[in-house]
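**Student:** What follows is run_8.tsv, made up of TSV, C-alpha atoms:
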chain	number	residue	atom	x	y	z
A	1	MET	CA	17.32	20.40	-5.58
A	2	GLY	CA	15.51	18.30	-3.01
A	3	ARG	CA	16.10	14.97	-1.36
A	4	GLU	CA	13.81	12.17	-2.51
A	5	LEU	CA	11.79	11.01	0.46
A	6	PRO	CA	12.19	7.31	1.30
A	7	ARG	CA	8.83	5.55	1.16
A	8	GLY	CA	9.12	4.37	4.75
A	9	ASP	CA	9.24	7.93	6.07
A	10	ILE	CA	6.03	9.05	4.40
A	11	PRO	CA	3.63	7.79	7.12
A	12	THR	CA	5.63	9.65	9.79
A	13	LEU	CA	5.43	12.90	7.83
A	14	ILE	CA	1.71	12.46	7.21
A	15	LEU	CA	1.12	12.04	10.95
A	16	ALA	CA	3.27	15.10	11.68
A	17	VAL	CA	1.34	17.22	9.16
A	18	LEU	CA	-2.04	16.09	10.49
A	19	ALA	CA	-0.89	16.84	14.04
A	20	GLN	CA	-0.98	20.49	13.00
A	21	ALA	CA	-4.48	20.30	11.52
A	22	PRO	CA	-6.77	17.99	9.53
A	23	ALA	CA	-6.05	18.16	5.81
A	24	HIS	CA	-6.81	16.55	2.47
A	25	GLY	CA	-4.17	14.79	0.37
A	26	TYR	CA	-3.17	17.73	-1.80
A	27	ALA	CA	-2.83	20.00	1.24
A	28	ILE	CA	-0.66	17.41	3.01
A	29	ALA	CA	1.71	17.43	0.04
A	30	ARG	CA	1.88	21.22	0.06
A	31	VAL	CA	2.61	21.36	3.80
A	32	ILE	CA	5.43	18.83	3.43
A	33	GLU	CA	6.83	20.90	0.58
A	34	ARG	CA	6.51	24.16	2.46
A	35	ASP	CA	7.58	23.10	5.95
A	36	SER	CA	10.64	21.30	4.69
A	37	ALA	CA	11.54	24.41	2.65
A	38	ASN	CA	11.44	22.25	-0.46
A	39	ALA	CA	14.15	20.02	0.98
A	40	LEU	CA	11.93	16.94	0.75
A	41	ARG	CA	10.48	15.78	-2.55
A	42	LEU	CA	8.01	13.03	-2.96
A	43	ARG	CA	5.89	11.47	-5.66
A	44	GLU	CA	2.62	12.85	-4.36
A	45	GLY	CA	0.63	9.81	-5.38
A	46	SER	CA	2.57	7.76	-2.85
A	47	LEU	CA	0.73	9.66	-0.11
A	48	TYR	CA	-2.43	7.71	-0.86
A	49	PRO	CA	-1.28	4.15	-0.14
A	50	ALA	CA	0.28	5.53	3.06
A	51	LEU	CA	-2.97	7.28	4.00
A	52	ARG	CA	-4.94	4.07	3.43
A	53	ALA	CA	-2.53	2.06	5.58
A	54	LEU	CA	-2.56	4.62	8.40
A	55	GLU	CA	-6.35	4.60	8.35
A	56	GLN	CA	-6.42	0.82	8.49
A	57	GLN	CA	-4.15	0.94	11.51
A	58	GLY	CA	-6.48	3.42	13.20
A	59	PHE	CA	-3.97	6.26	13.34
A	60	ILE	CA	-6.03	8.58	11.15
A	61	SER	CA	-9.68	8.86	10.20
A	62	SER	CA	-11.20	10.31	7.05
A	63	GLY	CA	-14.42	11.85	5.84
A	64	TRP	CA	-15.74	13.66	2.80
A	65	VAL	CA	-16.28	17.30	3.69
A	66	GLU	CA	-18.44	19.73	1.72
A	67	PRO	CA	-16.80	23.16	1.67
A	68	GLU	CA	-18.74	26.37	1.06
A	69	ARG	CA	-17.45	26.43	-2.49
A	70	GLY	CA	-16.04	23.73	-4.68
A	71	PRO	CA	-16.36	19.96	-4.62
A	72	ALA	CA	-16.37	17.74	-1.54
A	73	ARG	CA	-12.90	16.78	-0.42
A	74	LYS	CA	-11.70	13.81	1.60
A	75	VAL	CA	-10.19	15.22	4.77
A	76	TYR	CA	-7.94	13.23	7.11
A	77	THR	CA	-7.74	13.71	10.87
A	78	LEU	CA	-5.25	12.40	13.39
A	79	THR	CA	-6.74	10.06	15.99
A	80	ASP	CA	-5.58	9.71	19.60
A	81	ALA	CA	-3.84	6.49	18.68
A	82	GLY	CA	-2.18	8.36	15.83
A	83	ARG	CA	-0.98	11.06	18.17
A	84	THR	CA	0.59	8.45	20.42
A	85	ASP	CA	2.18	6.70	17.46
A	86	LEU	CA	3.58	9.98	16.18
A	87	ALA	CA	5.21	10.64	19.57
A	88	ARG	CA	6.80	7.18	19.42
A	89	ARG	CA	8.05	7.76	15.88
A	90	ALA	CA	9.46	11.17	16.82
A	91	HIS	CA	11.28	9.66	19.77
A	92	ASP	CA	12.71	6.87	17.61
A	93	TRP	CA	13.74	9.32	14.93
A	94	HIS	CA	15.59	11.59	17.36
A	95	ALA	CA	17.32	8.63	18.96
A	96	TYR	CA	18.39	7.45	15.51
A	97	ALA	CA	19.57	10.91	14.45
A	98	ASP	CA	21.52	11.36	17.69
A	99	ALA	CA	23.24	8.03	17.23
A	100	VAL	CA	24.26	8.81	13.66
A	101	ALA	CA	25.42	12.28	14.63
A	102	ALA	CA	27.50	10.86	17.45
A	103	LEU	CA	29.13	8.38	15.10
A	104	LEU	CA	29.81	11.13	12.61
A	105	GLY	CA	31.61	12.98	15.37
A	106	LYS	CA	29.28	15.95	15.49
A	107	ARG	CA	27.60	17.60	18.46
A	108	GLU	CA	24.26	16.25	19.61
A	109	VAL	CA	21.54	17.38	17.24
A	110	ALA	CA	19.51	20.17	18.80
A	111	ARG	CA	15.88	19.31	19.31
A	112	GLY	CA	12.97	21.65	18.71
B	1	MET	CA	-6.13	16.55	-25.53
B	2	ALA	CA	-4.48	17.04	-22.19
B	3	ASP	CA	-7.61	15.83	-20.41
B	4	GLN	CA	-7.27	12.46	-22.12
B	5	ARG	CA	-3.90	11.94	-20.55
B	6	ILE	CA	-5.44	12.36	-17.10
B	7	GLU	CA	-8.23	9.93	-18.03
B	8	ARG	CA	-5.69	7.39	-19.27
B	9	TYR	CA	-3.64	7.88	-16.14
B	10	LEU	CA	-6.70	7.27	-13.97
B	11	ALA	CA	-7.64	4.26	-16.07
B	12	THR	CA	-4.21	2.75	-15.39
B	13	ILE	CA	-4.73	3.16	-11.66
B	14	ALA	CA	-8.26	1.76	-11.97
B	15	GLY	CA	-6.81	-1.26	-13.71
B	16	ARG	CA	-4.83	-2.11	-10.59
B	17	LEU	CA	-7.93	-1.73	-8.42
B	18	ARG	CA	-10.15	-4.23	-10.21
B	19	SER	CA	-10.55	-6.31	-7.08
B	20	LEU	CA	-12.15	-3.42	-5.21
B	21	PRO	CA	-15.94	-2.93	-5.06
B	22	PRO	CA	-16.87	-0.36	-7.72
B	23	SER	CA	-17.97	2.31	-5.23
B	24	LEU	CA	-14.66	2.11	-3.40
B	25	ARG	CA	-12.71	2.20	-6.65
B	26	GLU	CA	-14.69	5.27	-7.74
B	27	GLU	CA	-13.92	6.97	-4.45
B	28	GLU	CA	-10.19	6.32	-4.86
B	29	LEU	CA	-10.20	7.70	-8.39
B	30	ARG	CA	-12.25	10.71	-7.35
B	31	GLU	CA	-9.65	11.64	-4.75
B	32	VAL	CA	-6.74	11.15	-7.12
B	33	ARG	CA	-8.48	13.15	-9.82
B	34	GLN	CA	-8.97	16.07	-7.42
B	35	HIS	CA	-5.32	16.02	-6.47
B	36	LEU	CA	-4.26	15.96	-10.13
B	37	ASP	CA	-6.65	18.79	-11.01
B	38	ALA	CA	-5.21	20.88	-8.17
B	39	LEU	CA	-1.66	20.19	-9.39
B	40	VAL	CA	-2.58	21.16	-12.95
B	41	ALA	CA	-4.18	24.36	-11.68
B	42	SER	CA	-1.10	25.28	-9.64
B	43	HIS	CA	1.19	24.80	-12.64
B	44	ARG	CA	-1.12	26.83	-14.85
B	45	ALA	CA	-1.13	29.57	-12.20
B	46	ARG	CA	2.64	29.62	-12.56
B	47	GLY	CA	2.31	30.29	-16.27
B	48	ALA	CA	2.47	26.84	-17.84
B	49	ASP	CA	0.13	26.02	-20.72
B	50	GLU	CA	-2.43	23.23	-20.33
B	51	SER	CA	-0.27	20.54	-21.90
B	52	ALA	CA	2.85	21.35	-19.89
B	53	ALA	CA	0.80	21.66	-16.71
B	54	VAL	CA	-0.69	18.19	-17.20
B	55	ASP	CA	2.76	16.77	-17.94
B	56	ALA	CA	4.20	18.29	-14.79
B	57	ALA	CA	1.24	17.22	-12.67
B	58	LEU	CA	1.39	13.59	-13.79
B	59	ARG	CA	5.15	13.47	-13.26
B	60	GLN	CA	4.79	15.03	-9.85
B	61	PHE	CA	2.15	12.51	-8.84
B	62	GLY	CA	4.16	9.46	-9.83
B	63	ARG	CA	3.82	6.27	-11.86
B	64	PRO	CA	0.18	5.19	-12.02
B	65	GLU	CA	0.96	1.46	-12.17
B	66	ARG	CA	2.94	1.63	-8.97
B	67	ILE	CA	0.46	3.84	-7.11
B	68	GLY	CA	-2.49	1.69	-8.20
B	69	ARG	CA	-0.66	-1.46	-7.15
B	70	GLN	CA	0.26	-0.02	-3.75
B	71	ILE	CA	-3.28	1.15	-3.04
B	72	GLY	CA	-4.61	-2.23	-4.16
B	73	THR	CA	-2.18	-4.01	-1.85
B	74	VAL	CA	-3.32	-2.04	1.17
B	75	TRP	CA	-6.97	-2.80	0.45
B	76	ALA	CA	-6.20	-6.46	-0.18
B	77	ARG	CA	-4.98	-6.78	3.39
B	78	ARG	CA	-8.49	-6.06	4.55
B	79	ARG	CA	-10.03	-8.98	2.70
B	80	PRO	CA	-10.81	-11.90	5.00
B	81	PRO	CA	-8.30	-14.71	4.49
B	82	ARG	CA	-9.59	-17.84	2.76
B	83	LEU	CA	-8.89	-21.43	3.57
B	84	TRP	CA	-10.46	-23.20	0.59
B	85	PRO	CA	-7.47	-22.82	-1.76
B	86	ALA	CA	-5.36	-24.85	0.68
B	87	LEU	CA	-8.12	-27.44	1.14
B	88	VAL	CA	-8.46	-27.84	-2.62
B	89	SER	CA	-4.76	-28.02	-3.37
B	90	TYR	CA	-4.04	-30.62	-0.70
B	91	PRO	CA	-5.87	-33.53	-2.37
B	92	LEU	CA	-4.46	-32.42	-5.72
B	93	LEU	CA	-0.96	-32.57	-4.29
B	94	VAL	CA	-1.64	-35.99	-2.78
B	95	VAL	CA	-2.80	-37.29	-6.17
B	96	ALA	CA	0.17	-35.72	-7.94
B	97	ILE	CA	2.73	-37.17	-5.54
B	98	PHE	CA	1.05	-40.56	-5.57
B	99	ALA	CA	1.05	-40.55	-9.37
B	100	MET	CA	4.71	-39.58	-9.38
B	101	PHE	CA	5.60	-42.48	-7.11
B	102	THR	CA	3.54	-44.85	-9.25
B	103	LEU	CA	5.02	-43.75	-12.53
B	104	LEU	CA	8.56	-43.91	-11.24
B	105	ASN	CA	8.02	-47.29	-9.66
B	106	ASP	CA	9.36	-49.40	-12.48
B	107	ARG	CA	12.86	-48.13	-11.81
B	108	PRO	CA	15.23	-49.96	-9.50
B	109	THR	CA	15.18	-47.26	-6.86
B	110	ASP	CA	14.28	-46.90	-3.21
B	111	PHE	CA	10.89	-45.45	-4.07
B	112	PRO	CA	8.05	-47.01	-2.10
B	113	TYR	CA	6.61	-50.04	-3.83
B	114	GLU	CA	3.63	-51.00	-1.68
B	115	LEU	CA	0.43	-49.12	-2.45
B	116	GLY	CA	-0.07	-48.34	1.21
B	117	ASP	CA	3.43	-46.87	1.53
B	118	ARG	CA	2.91	-44.72	-1.52
B	119	LEU	CA	-0.39	-43.45	-0.22
B	120	VAL	CA	0.94	-42.65	3.22
B	121	LEU	CA	3.92	-40.77	1.84
B	122	ALA	CA	1.79	-38.91	-0.68
B	123	MET	CA	-0.49	-37.76	2.13
B	124	ALA	CA	2.25	-36.99	4.63
B	125	LEU	CA	4.48	-34.86	2.43
B	126	PRO	CA	2.03	-32.05	1.65
B	127	ALA	CA	0.47	-32.32	5.11
B	128	ALA	CA	3.15	-30.05	6.56
B	129	LEU	CA	2.22	-27.40	4.00
B	130	LEU	CA	-1.46	-27.79	4.81
B	131	VAL	CA	-0.87	-27.46	8.56
B	132	ALA	CA	1.21	-24.33	8.02
B	133	ARG	CA	-1.48	-22.84	5.77
B	134	VAL	CA	-4.26	-23.61	8.28
B	135	SER	CA	-2.38	-22.06	11.19
B	136	ARG	CA	-1.61	-18.98	9.11
B	137	TYR	CA	-5.29	-18.74	8.21
B	138	ARG	CA	-6.36	-19.00	11.84
B	139	ARG	CA	-3.86	-16.33	12.90
B	140	ALA	CA	-5.03	-14.05	10.10
B	141	ARG	CA	-8.67	-14.54	11.10
B	142	THR	CA	-8.05	-13.28	14.60
B	143	ALA	CA	-5.78	-10.46	13.44
B	144	HIS	CA	-8.53	-9.39	11.08
B	145	LEU	CA	-10.91	-8.65	13.95
B	146	PRO	CA	-11.05	-4.95	14.97
As structure tokens, what does this structure read like?

**Tutor:**
Amino acid sequence: MGRELPRGDIPTLILAVLAQAPAHGYAIARVIERDSANALRLREGSLYPALRALEQQGFISSGWVEPERGPARKVYTLTDAGRTDLARRAHDWHAYADAVAALLGKREVARG
Amino acid sequence: MADQRIERYLATIAGRLRSLPPSLREEELREVRQHLDALVASHRARGADESAAVDAALRQFGRPERIGRQIGTVWARRRPPRLWPALVSYPLLVVAIFAMFTLLNDRPTDFPYELGDRLVLAMALPAALLVARVSRYRRARTAHLP
């Protein structure tokens, strides 16, 4: 049904999701599910070690936010350093995908 | 009770986070619990009963031992590196190697016979390990700075 996401790709996806808007862990999982049209599956708990590591590296920041209703949630935000790192990862990913596509004999992968 | 399964699941994660300060550990568990509750609610909204919803949520979240261990590993990287284990183990290694040379000395081998030779060798052999450990510690200290 879906392709299991390699653990190494999770930080990149987290940064990409947070580039759209700040979000808490559950919401990040839902966006990944939705935006990949269910093509990417992950064990949602594995988001949390990745979030901790990204925060340690300064690419995201976090804070407990009190909504109007319901309990406080820990919301993550992309930092400027994170934005830069995401651009680097995106560039590397496209270069990698292009190289594989070329070797597979297909046309260059169209970029969004 | 389905709730107990979530508590046991959280307890397994907590078990891997024993080295964290309690407030930090509580914060981690609070966040995980919220995520699990939201997953259970979404499965129930799709028509599952409580038990099936909890099952699905826990499966969807992943193995608690692994998640707890991974979170613990990330936090462990933040702890300042310590030098005293290397400083303690060095003299112990010296004594152990010296004792080994002494005990094996009654054999007709090339092992050092003179006390001075034994001592020098016993100190020199683990010295390389100690130097490596000290330089790693010093590198880690500077890397640790923000």

**Student:** Any idea what the distance is between CA of Pro11 (chain A) and CA of Arg78 (chain B)?

**Tutor:**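 Distance between the two atoms: 18.6 Å.
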
**Student:** Do a neighbour search on region 94-102 of chain B at 7 Å with all atoms listed in the file, toss out local chain neighbours closer than 6 positions, and write the hits as a tab-separated table (two decimals) with C-alpha atoms, in the coordinates of the input.

**Tutor:**
chain	number	residue	atom	x	y	z
B	111	PHE	CA	10.89	-45.45	-4.07
B	118	ARG	CA	2.91	-44.72	-1.52
B	119	LEU	CA	-0.39	-43.45	-0.22
B	122	ALA	CA	1.79	-38.91	-0.68
B	123	MET	CA	-0.49	-37.76	2.13
B	126	PRO	CA	2.03	-32.05	1.65

**Student:** When you look at Leu42 (chain A) with a cut-off of 7 Å (counting only C-alpha atoms), what residues show up, excluding the ones that are within fewer than 2 positions of it in the same chain? I need them as an mmCIF file with C-alpha atoms, in the coordinates of the input.

**Tutor:**
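After the write, selection_13.cif holds the following:
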data_model
loop_
_atom_site.group_PDB
_atom_site.id
_atom_site.type_symbol
_atom_site.label_atom_id
_atom_site.label_comp_id
_atom_site.auth_asym_id
_atom_site.auth_seq_id
_atom_site.Cartn_x
_atom_site.Cartn_y
_atom_site.Cartn_z
ATOM 1 C CA GLU A 4 13.810 12.170 -2.510
ATOM 2 C CA LEU A 5 11.790 11.010 0.460
ATOM 3 C CA LEU A 40 11.930 16.940 0.750
ATOM 4 C CA GLU A 44 2.620 12.850 -4.360
#

**Student:** Give me, as a tab-separated table, each residue of region 61-100 of chain A that comes within 9 Å of region 13-21 of chain A, together with its shortest interatomic pair and the distance in Å at one decimal, counting only C-alpha atoms, with rows ordered by chain and rising residue number.

**Tutor:**
residue	atom	partner	partner_atom	distance
A:Tyr76	CA	A:Leu18	CA	7.4
A:Thr77	CA	A:Leu18	CA	6.2
A:Leu78	CA	A:Leu18	CA	5.7
A:Gly82	CA	A:Leu15	CA	6.9
A:Arg83	CA	A:Ala19	CA	7.1
A:Asp85	CA	A:Leu15	CA	8.5
A:Leu86	CA	A:Leu15	CA	6.1
A:Ala90	CA	A:Ala16	CA	9.0

**Student:** Enumerate as a list in words the residues belonging to chain A that approach chain B to within 9 Å, with all atoms listed in the file taken into account.

**Tutor:**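 Output check: Gly25, Tyr26, Leu42, Arg43, Glu44, Gly45, Ser46, Tyr48, Pro49, Ala50, Arg52, Ala53, Gln56, Pro71, Arg73 and Lys74 of chain A.
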
**Student:** So the first atom is CA of Leu87 (chain B) and the second is CA of Tyr137 (chain B); what is the distance between them in Å, to one decimal place?

**Tutor:**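 Rounded to one decimal, the two atoms are 11.6 Å apart.
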
**Student:** Could you tell me which of A:Ala81, A:Ile32, A:Ala101, A:Ala27 comes closest to Glu55 (chain A) if we count only C-alpha atoms?

**Tutor:**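 Comparing A:Ala81, A:Ile32, A:Ala101, A:Ala27 against Glu55 (chain A), the winner is A:Ala81.
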
**Student:** What does the distance from CA of Ala56 (chain B) to CA of Asn38 (chain A) come to in Å, to one decimal?

**Tutor:** 16.5 Å

**Student:** Have a look at B:Leu24, B:Ala124, B:Val54, B:Val40 and name the one nearest to Gln4 (chain B); count all atoms listed in the file.

**Tutor:**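 Checking each candidate against Gln4 (chain B), we get B:Val54 as the closest.
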
**Student:** From the set B:Asp3, B:Ala41, B:Glu50, B:Ala76, which residue has the shortest atom-to-atom contact distance to Pro21 (chain B), counting only C-alpha atoms?

**Tutor:**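 Among B:Asp3, B:Ala41, B:Glu50, B:Ala76, it is B:Ala76 that comes nearest to Pro21 (chain B).
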
**Student:** From the options B:Glu65, B:Leu129, B:Glu114, B:Leu121, which residue's atoms come nearest to Tyr90 (chain B), counting all atoms listed in the file?

**Tutor:** B:Leu129
